[in-house]
file upload.json (JSON, C-alpha atoms)
[["chain", "number", "residue", "atom", "x", "y", "z"],
["U", 643, "MET", "CA", -19.11, -1.25, -16.48],
["U", 644, "ARG", "CA", -22.10, 0.63, -17.86],
["U", 645, "GLY", "CA", -25.74, 0.81, -16.93],
["U", 646, "ALA", "CA", -28.09, 2.40, -14.44],
["U", 647, "ALA", "CA", -25.95, 1.37, -11.45],
["U", 648, "THR", "CA", -22.82, 3.13, -12.75],
["U", 649, "LEU", "CA", -21.50, 6.14, -10.83],
["U", 650, "GLY", "CA", -18.85, 8.36, -12.43],
["U", 651, "PHE", "CA", -16.48, 11.03, -11.10],
["U", 652, "ASP", "CA", -14.20, 13.44, -12.95],
["U", 653, "PHE", "CA", -11.10, 14.28, -10.94],
["U", 654, "SER", "CA", -9.99, 17.18, -13.14],
["U", 655, "GLY", "CA", -8.97, 15.00, -16.08],
["U", 656, "PHE", "CA", -8.75, 11.54, -14.53],
["U", 657, "GLY", "CA", -11.99, 9.61, -14.25],
["U", 658, "LEU", "CA", -13.28, 6.98, -11.84],
["U", 659, "ARG", "CA", -16.26, 4.83, -12.81],
["U", 660, "LEU", "CA", -17.86, 2.55, -10.21],
["U", 661, "GLU", "CA", -20.37, -0.23, -10.66],
["U", 662, "GLY", "CA", -22.11, -2.42, -8.10],
["U", 663, "LEU", "CA", -22.25, 0.00, -5.18],
["U", 664, "PRO", "CA", -25.04, -0.51, -2.66],
["U", 665, "PRO", "CA", -27.38, 2.52, -2.41],
["U", 666, "SER", "CA", -25.99, 3.63, 0.96],
["U", 667, "TRP", "CA", -22.43, 3.74, -0.42],
["U", 668, "ARG", "CA", -23.58, 5.63, -3.50],
["U", 669, "ARG", "CA", -25.10, 8.27, -1.22],
["U", 670, "ARG", "CA", -21.92, 8.45, 0.87],
["U", 671, "LEU", "CA", -19.69, 8.91, -2.18],
["U", 672, "LEU", "CA", -21.95, 11.55, -3.69],
["U", 673, "ALA", "CA", -21.75, 13.44, -0.41],
["U", 674, "LEU", "CA", -17.96, 13.03, 0.01],
["U", 675, "TRP", "CA", -17.13, 13.82, -3.61],
["U", 676, "ARG", "CA", -19.88, 16.30, -4.39],
["U", 677, "GLY", "CA", -18.95, 18.64, -7.19],
["U", 678, "PHE", "CA", -16.94, 15.93, -8.95],
["U", 679, "ALA", "CA", -19.78, 13.59, -9.93],
["U", 680, "SER", "CA", -20.29, 13.40, -13.67],
["U", 681, "GLU", "CA", -23.47, 12.44, -15.49],
["U", 682, "GLY", "CA", -21.86, 12.89, -18.92],
["U", 683, "PRO", "CA", -18.88, 11.23, -20.63],
["U", 684, "LEU", "CA", -15.87, 10.65, -18.39],
["U", 685, "PRO", "CA", -12.31, 11.60, -19.44],
["U", 686, "PRO", "CA", -10.39, 9.24, -21.75],
["U", 687, "ARG", "CA", -8.15, 8.38, -18.80],
["U", 688, "THR", "CA", -10.74, 6.64, -16.61],
["U", 689, "LEU", "CA", -10.37, 3.70, -14.24],
["U", 690, "GLY", "CA", -13.37, 1.38, -13.97],
["U", 691, "VAL", "CA", -14.04, -0.22, -10.58],
["U", 692, "ARG", "CA", -16.31, -3.24, -10.31],
["U", 693, "VAL", "CA", -17.52, -3.69, -6.72],
["U", 694, "ILE", "CA", -18.32, -7.20, -5.46],
["U", 695, "LEU", "CA", -19.97, -7.49, -2.04],
["U", 696, "ARG", "CA", -19.63, -10.63, 0.04],
["U", 697, "ARG", "CA", -21.34, -11.75, 3.20],
["U", 698, "GLY", "CA", -19.22, -12.19, 6.27],
["U", 699, "PRO", "CA", -18.47, -11.05, 9.82],
["U", 700, "LEU", "CA", -16.51, -7.98, 10.72],
["U", 701, "PRO", "CA", -12.76, -8.56, 10.98],
["U", 702, "GLU", "CA", -11.63, -9.11, 14.57],
["U", 703, "SER", "CA", -8.70, -6.69, 14.26],
["U", 704, "PRO", "CA", -9.26, -2.93, 14.76],
["U", 705, "PHE", "CA", -9.74, -0.86, 11.62],
["U", 706, "ASP", "CA", -6.35, 0.27, 10.32],
["U", 707, "PRO", "CA", -6.15, 1.92, 6.88],
["U", 708, "LYS", "CA", -2.35, 1.57, 7.01],
["U", 709, "ALA", "CA", -2.62, -2.21, 7.19],
["U", 710, "ILE", "CA", -3.00, -2.48, 3.44],
["U", 711, "ILE", "CA", -0.75, -5.13, 1.86],
["U", 712, "ALA", "CA", 0.48, -4.99, -1.75],
["U", 713, "THR", "CA", 1.40, -8.20, -3.59],
["U", 714, "GLY", "CA", 2.23, -9.07, -7.17],
["U", 715, "HIS", "CA", -0.46, -9.80, -9.75],
["U", 716, "PRO", "CA", -0.16, -10.74, -13.45],
["U", 717, "LEU", "CA", -1.83, -7.45, -14.42],
["U", 718, "GLY", "CA", -0.23, -5.20, -11.80],
["U", 719, "THR", "CA", -0.65, -5.10, -8.02],
["U", 720, "ARG", "CA", -3.16, -6.72, -5.68],
["U", 721, "PHE", "CA", -4.07, -4.83, -2.49],
["U", 722, "THR", "CA", -5.50, -6.51, 0.60],
["U", 723, "LEU", "CA", -7.10, -5.25, 3.81],
["U", 724, "PRO", "CA", -9.02, -7.22, 6.46],
["U", 725, "GLU", "CA", -12.18, -5.78, 4.88],
["U", 726, "GLY", "CA", -11.42, -7.15, 1.40],
["U", 727, "PHE", "CA", -9.10, -6.91, -1.59],
["U", 728, "ALA", "CA", -8.68, -5.16, -4.94],
["U", 729, "GLU", "CA", -6.94, -6.40, -8.07],
["U", 730, "PRO", "CA", -6.75, -5.46, -11.76],
["U", 731, "ILE", "CA", -8.89, -7.38, -14.25],
["U", 732, "GLY", "CA", -7.81, -5.39, -17.32],
["U", 733, "PRO", "CA", -5.66, -2.40, -18.34],
["U", 734, "ASP", "CA", -8.24, 0.11, -17.11],
["U", 735, "GLU", "CA", -10.44, -2.02, -14.87],
["U", 736, "VAL", "CA", -10.14, -3.36, -11.35],
["U", 737, "GLN", "CA", -12.33, -5.46, -9.11],
["U", 738, "VAL", "CA", -12.81, -4.55, -5.46],
["U", 739, "GLU", "CA", -14.29, -7.28, -3.28],
["U", 740, "VAL", "CA", -15.34, -6.26, 0.22],
["U", 741, "THR", "CA", -17.47, -7.55, 3.06],
["U", 742, "GLU", "CA", -20.98, -6.16, 3.07],
["U", 743, "GLY", "CA", -22.40, -4.78, 6.29],
["U", 744, "GLY", "CA", -23.78, -1.76, 8.05],
["U", 745, "ASP", "CA", -20.62, -0.91, 9.97],
["U", 746, "PRO", "CA", -18.83, 2.16, 8.49],
["U", 747, "ARG", "CA", -15.51, 0.29, 8.39],
["U", 748, "HIS", "CA", -16.77, -1.72, 5.39],
["U", 749, "PHE", "CA", -17.22, 1.50, 3.43],
["U", 750, "TYR", "CA", -13.92, 3.01, 4.54],
["U", 751, "GLY", "CA", -12.10, -0.22, 3.77],
["U", 752, "PHE", "CA", -13.58, -0.03, 0.27],
["U", 753, "LEU", "CA", -12.52, 3.62, -0.02],
["U", 754, "ASN", "CA", -8.92, 2.81, 0.96],
["U", 755, "LEU", "CA", -8.76, -0.01, -1.58],
["U", 756, "CYS", "CA", -10.07, 2.35, -4.28],
["U", 757, "ARG", "CA", -7.36, 4.89, -3.46],
["U", 758, "ALA", "CA", -4.70, 2.18, -3.66],
["U", 759, "VAL", "CA", -5.73, 0.81, -7.06],
["U", 760, "PHE", "CA", -6.20, 4.34, -8.41],
["U", 761, "ALA", "CA", -2.66, 5.27, -7.28],
["U", 762, "ALA", "CA", -1.26, 2.11, -8.87],
["U", 763, "TRP", "CA", -3.09, 2.80, -12.14],
["U", 764, "LEU", "CA", -2.05, 6.45, -12.49],
["U", 765, "PRO", "CA", 1.68, 6.36, -13.42],
["U", 766, "ALA", "CA", 1.12, 4.58, -16.75],
["U", 767, "ARG", "CA", -1.33, 7.40, -17.60],
["U", 768, "GLY", "CA", 1.01, 10.23, -16.60],
["U", 769, "GLY", "CA", -0.35, 10.82, -13.11],
["U", 770, "ALA", "CA", 0.50, 10.15, -9.48],
["U", 771, "LEU", "CA", -0.75, 10.61, -5.95],
["U", 772, "LEU", "CA", 1.67, 12.43, -3.67],
["U", 773, "HIS", "CA", 1.69, 12.56, 0.10],
["U", 774, "ALA", "CA", 1.54, 16.35, 0.09],
["U", 775, "ALA", "CA", -0.51, 19.38, 0.97],
["U", 776, "GLY", "CA", -1.36, 21.47, -2.07],
["U", 777, "VAL", "CA", -2.27, 25.14, -2.25],
["U", 778, "VAL", "CA", -2.89, 27.56, -5.09],
["U", 779, "VAL", "CA", -1.43, 31.08, -4.85],
["U", 780, "GLU", "CA", -1.64, 33.53, -7.77],
["U", 781, "ALA", "CA", -3.03, 30.75, -10.04],
["U", 782, "ARG", "CA", -0.01, 28.49, -9.39],
["U", 783, "ALA", "CA", 0.19, 25.34, -7.28],
["U", 784, "PHE", "CA", 2.68, 24.74, -4.48],
["U", 785, "LEU", "CA", 3.00, 21.26, -2.99],
["U", 786, "LEU", "CA", 4.40, 20.68, 0.49],
["U", 787, "VAL", "CA", 5.64, 17.09, 0.28],
["U", 788, "GLY", "CA", 5.97, 15.04, 3.45],
["U", 789, "GLY", "CA", 4.74, 12.14, 5.51],
["U", 790, "GLU", "CA", 2.66, 12.02, 8.66],
["U", 791, "GLY", "CA", 3.55, 14.71, 11.20],
["U", 792, "SER", "CA", 5.51, 16.84, 8.72],
["U", 793, "GLY", "CA", 3.19, 19.86, 9.02],
["U", 794, "LYS", "CA", 1.01, 19.41, 5.93],
["U", 795, "THR", "CA", -2.29, 20.12, 7.69],
["U", 796, "THR", "CA", -0.88, 23.18, 9.48],
["U", 797, "PHE", "CA", 0.50, 24.43, 6.15],
["U", 798, "ALA", "CA", -2.88, 23.98, 4.44],
["U", 799, "GLN", "CA", -4.85, 25.64, 7.24],
["U", 800, "ARG", "CA", -2.52, 28.63, 7.47],
["U", 801, "ALA", "CA", -2.44, 29.00, 3.69],
["U", 802, "ALA", "CA", -6.25, 29.07, 3.64],
["U", 803, "ALA", "CA", -6.19, 31.75, 6.34],
["U", 804, "GLY", "CA", -3.84, 33.72, 4.10],
["U", 805, "GLY", "CA", -6.24, 33.57, 1.16],
["U", 806, "ALA", "CA", -4.88, 30.58, -0.74],
["U", 807, "LEU", "CA", -7.05, 27.88, -2.30],
["U", 808, "VAL", "CA", -6.32, 24.49, -0.73],
["U", 809, "LEU", "CA", -6.19, 21.40, -2.95],
["U", 810, "GLY", "CA", -5.71, 18.97, -0.08],
["U", 811, "ASP", "CA", -3.87, 18.51, 3.20],
["U", 812, "ASP", "CA", -2.62, 14.94, 2.77],
["U", 813, "LEU", "CA", -2.93, 13.61, -0.80],
["U", 814, "VAL", "CA", -2.58, 15.61, -4.01],
["U", 815, "LEU", "CA", -3.25, 14.31, -7.50],
["U", 816, "VAL", "CA", -0.65, 15.40, -10.08],
["U", 817, "ASP", "CA", -0.59, 15.10, -13.85],
["U", 818, "THR", "CA", 2.46, 15.16, -16.15],
["U", 819, "PRO", "CA", 0.71, 15.53, -19.54],
["U", 820, "GLY", "CA", 3.28, 14.84, -22.25],
["U", 821, "PRO", "CA", 5.56, 17.82, -22.92],
["U", 822, "ASN", "CA", 3.37, 20.16, -20.89],
["U", 823, "PRO", "CA", 4.37, 21.29, -17.39],
["U", 824, "PRO", "CA", 3.16, 19.11, -14.50],
["U", 825, "HIS", "CA", -0.11, 20.22, -12.95],
["U", 826, "ALA", "CA", -1.76, 19.75, -9.59],
["U", 827, "LEU", "CA", -5.40, 18.69, -9.85],
["U", 828, "ALA", "CA", -8.44, 19.20, -7.69],
["U", 829, "ALA", "CA", -9.54, 15.75, -6.44],
["U", 830, "PRO", "CA", -11.29, 14.89, -3.15],
["U", 831, "LEU", "CA", -9.44, 11.61, -2.64],
["U", 832, "ARG", "CA", -8.81, 12.28, 1.04],
["U", 833, "PRO", "CA", -12.00, 13.90, 2.32],
["U", 834, "GLN", "CA", -11.33, 17.11, 4.18],
["U", 835, "SER", "CA", -13.12, 20.40, 4.54],
["U", 836, "LEU", "CA", -10.58, 22.70, 2.89],
["U", 837, "GLY", "CA", -10.54, 21.22, -0.60],
["U", 838, "PRO", "CA", -11.89, 22.84, -3.77],
["U", 839, "PRO", "CA", -15.57, 22.35, -4.56],
["U", 840, "ALA", "CA", -15.15, 21.41, -8.24],
["U", 841, "PRO", "CA", -12.60, 20.14, -10.78],
["U", 842, "GLY", "CA", -9.66, 22.35, -11.71],
["U", 843, "ARG", "CA", -5.94, 22.16, -12.52],
["U", 844, "TRP", "CA", -3.02, 24.49, -11.91],
["U", 845, "PRO", "CA", 0.64, 24.45, -13.05],
["U", 846, "ILE", "CA", 3.01, 23.41, -10.28],
["U", 847, "ALA", "CA", 5.32, 26.32, -9.50],
["U", 848, "CYS", "CA", 7.41, 24.62, -6.84],
["U", 849, "LEU", "CA", 7.79, 21.53, -4.70],
["U", 850, "LEU", "CA", 8.25, 22.45, -1.04],
["U", 851, "PHE", "CA", 9.82, 20.39, 1.74],
["U", 852, "PRO", "CA", 8.98, 21.45, 5.29],
["U", 853, "SER", "CA", 11.24, 22.96, 7.89],
["U", 854, "ARG", "CA", 9.80, 24.54, 11.01],
["U", 855, "GLY", "CA", 10.92, 27.89, 12.28],
["U", 856, "ALA", "CA", 10.64, 31.63, 11.86],
["U", 857, "PRO", "CA", 10.81, 33.86, 9.99],
["U", 858, "ALA", "CA", 9.32, 32.20, 6.92],
["U", 859, "ALA", "CA", 11.91, 31.50, 4.24],
["U", 860, "LEU", "CA", 12.47, 29.56, 1.03],
["U", 861, "GLU", "CA", 15.85, 27.84, 1.11],
["U", 862, "PRO", "CA", 17.78, 25.71, -1.38],
["U", 863, "ILE", "CA", 17.52, 21.93, -1.21],
["U", 864, "ALA", "CA", 19.80, 19.34, -2.78],
["U", 865, "GLU", "CA", 18.54, 17.51, -5.87],
["U", 866, "LEU", "CA", 19.30, 14.11, -4.34],
["U", 867, "GLU", "CA", 17.21, 14.96, -1.29],
["U", 868, "VAL", "CA", 14.31, 16.02, -3.52],
["U", 869, "GLN", "CA", 14.45, 12.69, -5.35],
["U", 870, "ALA", "CA", 14.63, 10.70, -2.13],
["U", 871, "ARG", "CA", 11.71, 12.55, -0.57],
["U", 872, "LEU", "CA", 9.56, 12.14, -3.66],
["U", 873, "VAL", "CA", 10.22, 8.40, -3.66],
["U", 874, "ALA", "CA", 9.29, 8.21, 0.03],
["U", 875, "ASN", "CA", 5.99, 9.99, -0.55],
["U", 876, "LEU", "CA", 4.43, 8.00, -3.39],
["U", 877, "PRO", "CA", 1.87, 5.87, -1.55],
["U", 878, "PHE", "CA", 0.95, 2.36, -2.72],
["U", 879, "LEU", "CA", 3.84, 2.15, -5.22],
["U", 880, "GLU", "CA", 6.61, 0.72, -3.05],
["U", 881, "ARG", "CA", 6.79, -2.61, -4.90],
["U", 882, "ARG", "CA", 7.39, -0.90, -8.25],
["U", 883, "LEU", "CA", 10.13, 1.53, -7.25],
["U", 884, "GLY", "CA", 13.33, 0.75, -9.14],
["U", 885, "ARG", "CA", 11.59, -1.78, -11.40],
["U", 886, "ASP", "CA", 9.07, 0.28, -13.37],
["U", 887, "GLU", "CA", 10.37, 2.48, -16.20],
["U", 888, "THR", "CA", 7.09, 4.40, -16.45],
["U", 889, "LEU", "CA", 7.26, 5.27, -12.76],
["U", 890, "ALA", "CA", 10.93, 6.23, -13.12],
["U", 891, "ARG", "CA", 10.11, 8.67, -15.92],
["U", 892, "LEU", "CA", 7.30, 10.19, -13.89],
["U", 893, "LEU", "CA", 9.60, 10.68, -10.92],
["U", 894, "GLN", "CA", 12.14, 12.32, -13.20],
["U", 895, "ARG", "CA", 9.51, 14.78, -14.44],
["U", 896, "LEU", "CA", 8.51, 15.67, -10.89],
["U", 897, "ALA", "CA", 12.12, 15.95, -9.69],
["U", 898, "SER", "CA", 12.84, 18.42, -12.50],
["U", 899, "LEU", "CA", 10.39, 20.93, -11.00],
["U", 900, "PRO", "CA", 11.73, 23.85, -8.96],
["U", 901, "ALA", "CA", 12.14, 22.76, -5.33],
["U", 902, "ARG", "CA", 12.80, 24.60, -2.09],
["U", 903, "ARG", "CA", 12.88, 23.93, 1.61],
["U", 904, "LEU", "CA", 10.10, 25.98, 3.22],
["U", 905, "ARG", "CA", 10.76, 27.21, 6.73],
["U", 906, "PHE", "CA", 7.52, 28.28, 8.33],
["U", 907, "ALA", "CA", 5.95, 28.92, 11.71],
["U", 908, "PRO", "CA", 2.24, 28.19, 12.36],
["U", 909, "ASP", "CA", 1.08, 31.43, 10.70],
["U", 910, "ALA", "CA", 0.29, 32.60, 7.16],
["U", 911, "SER", "CA", 3.42, 34.69, 6.57],
["U", 912, "PHE", "CA", 4.77, 32.20, 4.02],
["U", 913, "VAL", "CA", 1.89, 32.89, 1.59],
["U", 914, "ASP", "CA", 3.50, 36.19, 0.50],
["U", 915, "LEU", "CA", 6.74, 34.30, -0.18],
["U", 916, "LEU", "CA", 4.90, 31.89, -2.45],
["U", 917, "ALA", "CA", 3.12, 34.72, -4.28],
["U", 918, "ALA", "CA", 6.50, 36.35, -5.02],
["U", 919, "PHE", "CA", 8.24, 33.11, -6.04],
["U", 920, "GLU", "CA", 9.84, 33.19, -9.50]]
call {"tool": "encode", "arguments": {"input": "upload.json", "output": "structure tokens"}}
result
Amino acid sequence: MRGAATLGFDFSGFGLRLEGLPPSWRRRLLALWRGFASEGPLPPRTLGVRVILRRGPLPESPFDPKAIIATGHPLGTRFTLPEGFAEPIGPDEVQVEVTEGGDPRHFYGFLNLCRAVFAAWLPARGGALLHAAGVVVEARAFLLVGGEGSGKTTFAQRAAAGGALVLGDDLVLVDTPGPNPPHALAAPLRPQSLGPPAPGRWPIACLLFPSRGAPAALEPIAELEVQARLVANLPFLERRLGRDETLARLLQRLASLPARRLRFAPDASFVDLLAAFE
């Protein structure tokens, strides 16, 4: 996984090393993930991705990033899309095989497969991807956890208008480093314009679960609901839920964080509530 063709990224403490990318894909990734490219040593926790391109026609079905299928594999999980597949070939290495072509769907199929194998690799290293919008207020991270249509993008946009730093509006990378408090990390895994320009990490002050309305308020939420919502918002890990002790411990760490239901209207008034949170 080394050599002139290798491209490395540091996602605030988790690394991604890619080999075998065609030049056009290298340029795309450097543009999408600018600020996170690393020419020096990558972190100890780094996933290596070997890219294999194959010749073939475009799939007949429309492009659908949600059509990814997870199946069992002797070394973990195999992920499949019409554009190709990804599977582990070692503890910290995966192979992604995709159809080569000029159509952008080849690249975005590859990108979705990379996100899937990265998410599957993280829990054994103390990390996870959450379906959440993340913001930083007063040097602390707040994560609004929820699926599609739950208000994550509105939350992120309004928080930015209120002066907060946005970590992401759909996927947030988290780290649970040993006995230390869980942190939210800067990582451009879902390209969007609001994210931070460079690596960084912030302690997670509170997990938020959305409720729409006014005035803005932080309300109690039951522990069982927090656990259920966390489970529902760990993408690409469905097959391992209830069967993976490492994942269970990670969920326990996240569920032990302070949690509140956030009631908010489409304005920035909730940012002051987050700044005052204790």
call {"tool": "closest_residue", "arguments": {"input": "upload.json", "among": "U:Pro841, U:Pro730, U:Gly662, U:Gly776", "to": "U:Phe760", "atoms": "all atoms listed in the file"}}
result
U:Pro730
call {"tool": "atom_distance", "arguments": {"input": "upload.json", "atom1": "atom CA of U:Leu904", "atom2": "atom CA of U:Arg854"}}
result
7.9 Å
call {"tool": "closest_residue", "arguments": {"input": "upload.json", "among": "U:Ile731, U:Leu849, U:Ala758, U:Leu674", "to": "U:Pro877", "atoms": "only C-alpha atoms"}}
result
U:Ala758
call {"tool": "atom_distance", "arguments": {"input": "upload.json", "atom1": "atom CA of U:Val808", "atom2": "atom CA of U:Val913"}}
result
12.0 Å
call {"tool": "axis_aligned_box", "arguments": {"input": "upload.json", "around": "stretch 800-819 of chain U", "padding_each_side": "3 Å", "output": "JSON"}}
result
{"center_x": -2.3, "center_y": 23.7, "center_z": -6.0, "size_x": 15.5, "size_y": 26.1, "size_z": 33.0}
call {"tool": "closest_residue", "arguments": {"input": "upload.json", "among": "U:Phe721, U:Trp844, U:Trp763, U:Trp667", "to": "U:Thr688", "atoms": "only C-alpha atoms"}}
result
U:Trp763
call {"tool": "residues_around", "arguments": {"input": "upload.json", "residues": "U:Gly793", "least_positions_apart": "2", "cutoff": "10 Å", "atoms": "only C-alpha atoms", "output": "ChimeraX atom specification"}}
result
/U:774-775,786-791,795-798,811-812,851-854,906-908
call {"tool": "closest_residue", "arguments": {"input": "upload.json", "among": "U:Trp675, U:Gly690, U:Arg843, U:Ala828", "to": "U:Thr648", "atoms": "only C-alpha atoms"}}
result
U:Gly690
call {"tool": "closest_residue", "arguments": {"input": "upload.json", "among": "U:Leu753, U:Leu850, U:Leu772, U:Ala801", "to": "U:Leu671", "atoms": "only C-alpha atoms"}}
result
U:Leu753
call {"tool": "atom_distance", "arguments": {"input": "upload.json", "atom1": "atom CA of U:Phe678", "atom2": "atom CA of U:Leu815"}}
result
13.9 Å
call {"tool": "closest_residue", "arguments": {"input": "upload.json", "among": "U:Glu865, U:Glu735, U:Asp914, U:Asp652", "to": "U:Ser680", "atoms": "only C-alpha atoms"}}
result
U:Asp652
call {"tool": "residues_around", "arguments": {"input": "upload.json", "residues": "stretch 707-712 of chain U", "least_positions_apart": "3", "cutoff": "7 Å", "atoms": "only C-alpha atoms", "output": "list in words"}}
result
Thr719, Arg720, Phe721, Thr722, Leu723 and Asn754 of chain U
call {"tool": "residues_around", "arguments": {"input": "upload.json", "residues": "U:Arg767", "least_positions_apart": "2", "cutoff": "12 Å", "atoms": "only C-alpha atoms", "output": "number ranges by chain"}}
result
U: 655-657, 685-689, 733-734, 760-765, 769-770, 816-820, 888-889, 891-892
call {"tool": "decode", "arguments": {"input": "upload.json", "residues": "stretch 712-753 of chain U", "atoms": "C-alpha atoms", "output": "PDB file, in the first residue's frame"}}
result
ATOM      1  CA  ALA U 712     -23.888  -5.772   3.304  1.00  0.00           C
ATOM      2  CA  THR U 713     -23.089  -9.492   3.504  1.00  0.00           C
ATOM      3  CA  GLY U 714     -20.873 -11.628   5.698  1.00  0.00           C
ATOM      4  CA  HIS U 715     -17.176 -12.104   4.982  1.00  0.00           C
ATOM      5  CA  PRO U 716     -14.537 -14.158   6.846  1.00  0.00           C
ATOM      6  CA  LEU U 717     -12.699 -10.945   7.779  1.00  0.00           C
ATOM      7  CA  GLY U 718     -15.723  -8.721   8.416  1.00  0.00           C
ATOM      8  CA  THR U 719     -18.351  -7.348   6.038  1.00  0.00           C
ATOM      9  CA  ARG U 720     -18.550  -7.209   2.254  1.00  0.00           C
ATOM     10  CA  PHE U 721     -20.401  -4.261   0.695  1.00  0.00           C
ATOM     11  CA  THR U 722     -21.868  -4.325  -2.808  1.00  0.00           C
ATOM     12  CA  LEU U 723     -23.300  -1.684  -5.137  1.00  0.00           C
ATOM     13  CA  PRO U 724     -24.115  -1.963  -8.860  1.00  0.00           C
ATOM     14  CA  GLU U 725     -20.868  -0.048  -9.454  1.00  0.00           C
ATOM     15  CA  GLY U 726     -18.695  -2.580  -7.600  1.00  0.00           C
ATOM     16  CA  PHE U 727     -17.887  -4.072  -4.211  1.00  0.00           C
ATOM     17  CA  ALA U 728     -15.574  -3.673  -1.218  1.00  0.00           C
ATOM     18  CA  GLU U 729     -14.288  -6.318   1.175  1.00  0.00           C
ATOM     19  CA  PRO U 730     -11.576  -6.653   3.831  1.00  0.00           C
ATOM     20  CA  ILE U 731      -8.301  -8.361   2.891  1.00  0.00           C
ATOM     21  CA  GLY U 732      -6.626  -7.891   6.287  1.00  0.00           C
ATOM     22  CA  PRO U 733      -7.208  -6.295   9.708  1.00  0.00           C
ATOM     23  CA  ASP U 734      -6.476  -2.793   8.410  1.00  0.00           C
ATOM     24  CA  GLU U 735      -6.806  -3.244   4.654  1.00  0.00           C
ATOM     25  CA  VAL U 736      -9.703  -3.480   2.243  1.00  0.00           C
ATOM     26  CA  GLN U 737     -10.037  -3.904  -1.483  1.00  0.00           C
ATOM     27  CA  VAL U 738     -12.523  -1.839  -3.460  1.00  0.00           C
ATOM     28  CA  GLU U 739     -13.258  -3.089  -6.970  1.00  0.00           C
ATOM     29  CA  VAL U 740     -15.264  -0.766  -9.196  1.00  0.00           C
ATOM     30  CA  THR U 741     -16.095  -0.315 -12.854  1.00  0.00           C
ATOM     31  CA  GLU U 742     -13.838   2.150 -14.623  1.00  0.00           C
ATOM     32  CA  GLY U 743     -15.393   4.841 -16.776  1.00  0.00           C
ATOM     33  CA  GLY U 744     -15.839   8.533 -17.318  1.00  0.00           C
ATOM     34  CA  ASP U 745     -19.336   8.755 -15.863  1.00  0.00           C
ATOM     35  CA  PRO U 746     -19.328  10.410 -12.387  1.00  0.00           C
ATOM     36  CA  ARG U 747     -21.394   7.555 -10.925  1.00  0.00           C
ATOM     37  CA  HIS U 748     -18.291   5.315 -11.016  1.00  0.00           C
ATOM     38  CA  PHE U 749     -16.482   7.742  -8.718  1.00  0.00           C
ATOM     39  CA  TYR U 750     -19.435   8.259  -6.406  1.00  0.00           C
ATOM     40  CA  GLY U 751     -20.033   4.524  -6.208  1.00  0.00           C
ATOM     41  CA  PHE U 752     -16.395   4.158  -5.148  1.00  0.00           C
ATOM     42  CA  LEU U 753     -16.835   6.944  -2.581  1.00  0.00           C
TER      43      LEU U 753
END
